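Enquirer: I have a structure I would like to understand better, so I am pasting it below and will then ask my questions one at a time.
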Amino acid sequence: MGVQRELSGVAIMSIAQTMDLSLAITAGAVVSGAYFGDKLSPLSDTTNMSSIAAGSNLYEHIKHMLYTAIPSSILAIIIFSIVGLGIETDSAQLSNIQEMVANLDQLFQLNLWLLIPAVVVIVGSLMKKPPLIVLFTSSVTAMIIAILFQGASLANLFASAVSGFNVDMLVGVDIGDDLQELLNRGGLYSMYNATFFVFVAFFFASALEVSQALNTILESIIKHLKTVGSITFSALVTGFAVINCTSNALVSYFLIQDIYGRVYKKNNLHPVNLSRNMEDSITITEVLMPWTVSGVFMATTLGVDNFEFLPWAIFNLGGFVFSALYGFLAPITGGFGVRKLEGSVGDDNR
């Protein structure tokens, strides 16, 4: 799911460029929307791994993330709506969009049947089927549809899977360079940089684990954490610091669990609190830094530097803030948005 979320906004970036709109604002909106879907998807690698690392149930974890995901998304919708209403368009911009749509119609046979792979993913998620099986089924379905409606050959299908799609695979098609740049991408080869980052991150994390350097530094701080607010905020800040050091979310989850798992348990905090804090401090902030796996891929794919779209990644920034607020306001709100372990004082099932 990591690649899918970054690629989901490429077309939108192309439209924004055609209409001469702010690419930084558009990229911020793309990132916000992509990570909203990623956080709440049971097929997402980060959603699965954060729940596994914290020891929480996947679907309980997703349900608990709604407490920060919903207000963050509402805030993003309000801000982008205000910005969008202030943008004026002219006939020249609209004609460019119409030209792009015409080129896409020339390239592909667009119809409702093309939505079947997406339906497979949605239905598989709702039925709580294994993510790998759902994604594989969706991919095979997409390949069958490409053969039936696009006239793609098996050779081109496997070539696209390995080296990415190229418009040259479609015979007799002549489109502009801008649209070719948009469409010519993907494949296993495109994951080379991300895969390399993952290996490097694991080596660095191993050094931190073996040396116990991080644990030693935080041990003096952890013993002073007594309130829900202090525990939550400390975990959020540590998660943000660790992802900046390791550059990989999957590695960071297990480092945070190793440090804070016992602290949450000692204070009767359910594991879903830790898994959500991991998401709000690691998953959605990783993309904002230019030296992380997701950050490098996002900046390269969208064509906008990370620090340029960072102020406009409203959803990503909001998650950290709302997670911290739930922790600090717990004594006032009666623990709203903070789940206690069953049988402990102040237990709730929210």
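Each chain of the structure tokens is named A, B, ... in the order shown, its residues numbered from 1; ligands are numbered from 1 in display order.
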Which polymer residues have any atom within 6 Å of an atom of Asn248 in chain A, counting only C-alpha atoms, with same-chain residues fewer than 2 positions away left out, as a list in words?
Expert: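 The residues satisfying every condition are Ala201, Thr246, Leu250, Val251 and Val293 of chain A.
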Enquirer: Which of range 97-126 of chain A counts as alpha helix (DSSP H) under DSSP, as number ranges by chain please?
Expert: A: 97-107, 116-126
Enquirer: Have a look at A:Leu112, A:Val304, A:Ile282, A:Leu341 and name the one nearest to Phe149 in chain A; count only C-alpha atoms.
Expert: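 Closest candidate: A:Leu112.
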Enquirer: Skip Pro117 in chain A itself and residues of its chain fewer than 3 positions away, then list as a list in words all residues within 8 Å of it, counting only C-alpha atoms.
Expert: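 Returned residues: Leu114, Val120, Val121, Ser138, Ser139, Thr141 and Ala142 of chain A.
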Enquirer: Could you write those residues out with C-alpha atoms, as a PDB file, in the first residue's frame?
Expert:
```pdb
ATOM      1  CA  LEU A 114     -12.147  -0.724 -14.658  1.00  0.00           C
ATOM      2  CA  VAL A 120     -12.042  -6.212  -4.886  1.00  0.00           C
ATOM      3  CA  VAL A 121      -9.798  -4.304  -2.467  1.00  0.00           C
ATOM      4  CA  SER A 138      -6.907  -7.252  -7.281  1.00  0.00           C
ATOM      5  CA  SER A 139      -3.730  -7.283  -9.383  1.00  0.00           C
ATOM      6  CA  THR A 141      -8.206  -8.858 -11.895  1.00  0.00           C
ATOM      7  CA  ALA A 142      -6.570  -5.713 -13.267  1.00  0.00           C
TER       8      ALA A 142
END
```
Enquirer: Using only C-alpha atoms for the distances, tell me which of A:Ile314, A:Leu43, A:Ile15, A:Val83 is nearest to Gly124 in chain A.
Expert: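 For Gly124 in chain A, the nearest of the candidates is A:Leu43.
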Enquirer: In terms of the shortest atom-to-atom distance over only C-alpha atoms, which of A:Leu225, A:Ile12, A:Ala53, A:Ile78 is closest to Leu274 in chain A?
Expert: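 The closest residue to Leu274 in chain A is A:Ala53.
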Enquirer: Env of Val30 in chain A: 12 Å cut, atoms = only C-alpha atoms, seq-sep filter 5 positions within chain, self excluded. Answer as a PyMOL selection string.
Expert: chain A and resi 5-14+16+23-25+35-37+76-77+80+287+298-299+301-302+304+309-310+312-316
Enquirer: Suppose we keep C-alpha atoms; can you now write the selection as an mmCIF file, in the first residue's frame?
Expert:
```cif
data_model
loop_
_atom_site.group_PDB
_atom_site.id
_atom_site.type_symbol
_atom_site.label_atom_id
_atom_site.label_comp_id
_atom_site.auth_asym_id
_atom_site.auth_seq_id
_atom_site.Cartn_x
_atom_site.Cartn_y
_atom_site.Cartn_z
ATOM 1 C CA ARG A 5 -0.790 5.931 -1.712
ATOM 2 C CA GLU A 6 2.045 7.998 -3.261
ATOM 3 C CA LEU A 7 0.989 7.240 -6.844
ATOM 4 C CA SER A 8 -2.657 8.058 -6.195
ATOM 5 C CA GLY A 9 -2.089 11.800 -6.585
ATOM 6 C CA VAL A 10 0.206 11.861 -9.627
ATOM 7 C CA ALA A 11 -2.666 12.621 -11.993
ATOM 8 C CA ILE A 12 -3.867 15.423 -9.710
ATOM 9 C CA MET A 13 -0.381 16.971 -9.716
ATOM 10 C CA SER A 14 -0.374 16.883 -13.508
ATOM 11 C CA ALA A 16 -2.515 21.284 -11.131
ATOM 12 C CA LEU A 23 2.142 22.570 -6.657
ATOM 13 C CA ALA A 24 3.070 22.824 -2.964
ATOM 14 C CA ILE A 25 -0.571 23.231 -1.883
ATOM 15 C CA TYR A 35 -2.410 9.135 4.286
ATOM 16 C CA PHE A 36 -6.008 9.359 5.497
ATOM 17 C CA GLY A 37 -6.778 6.339 3.320
ATOM 18 C CA ALA A 76 -7.822 19.636 6.166
ATOM 19 C CA ILE A 77 -11.117 19.794 4.243
ATOM 20 C CA PHE A 80 -8.319 23.338 1.425
ATOM 21 C CA VAL A 287 6.703 11.538 4.419
ATOM 22 C CA MET A 298 6.848 11.142 -2.446
ATOM 23 C CA ALA A 299 9.032 14.105 -3.392
ATOM 24 C CA THR A 301 6.850 11.118 -7.550
ATOM 25 C CA LEU A 302 5.014 14.409 -6.999
ATOM 26 C CA VAL A 304 7.706 18.854 -4.998
ATOM 27 C CA PHE A 309 4.485 20.774 0.907
ATOM 28 C CA LEU A 310 5.088 20.196 4.646
ATOM 29 C CA TRP A 312 0.125 22.024 3.628
ATOM 30 C CA ALA A 313 0.127 18.406 4.807
ATOM 31 C CA ILE A 314 -2.676 19.364 7.196
ATOM 32 C CA PHE A 315 -3.856 15.836 7.942
ATOM 33 C CA ASN A 316 -0.345 14.653 8.766
#
```
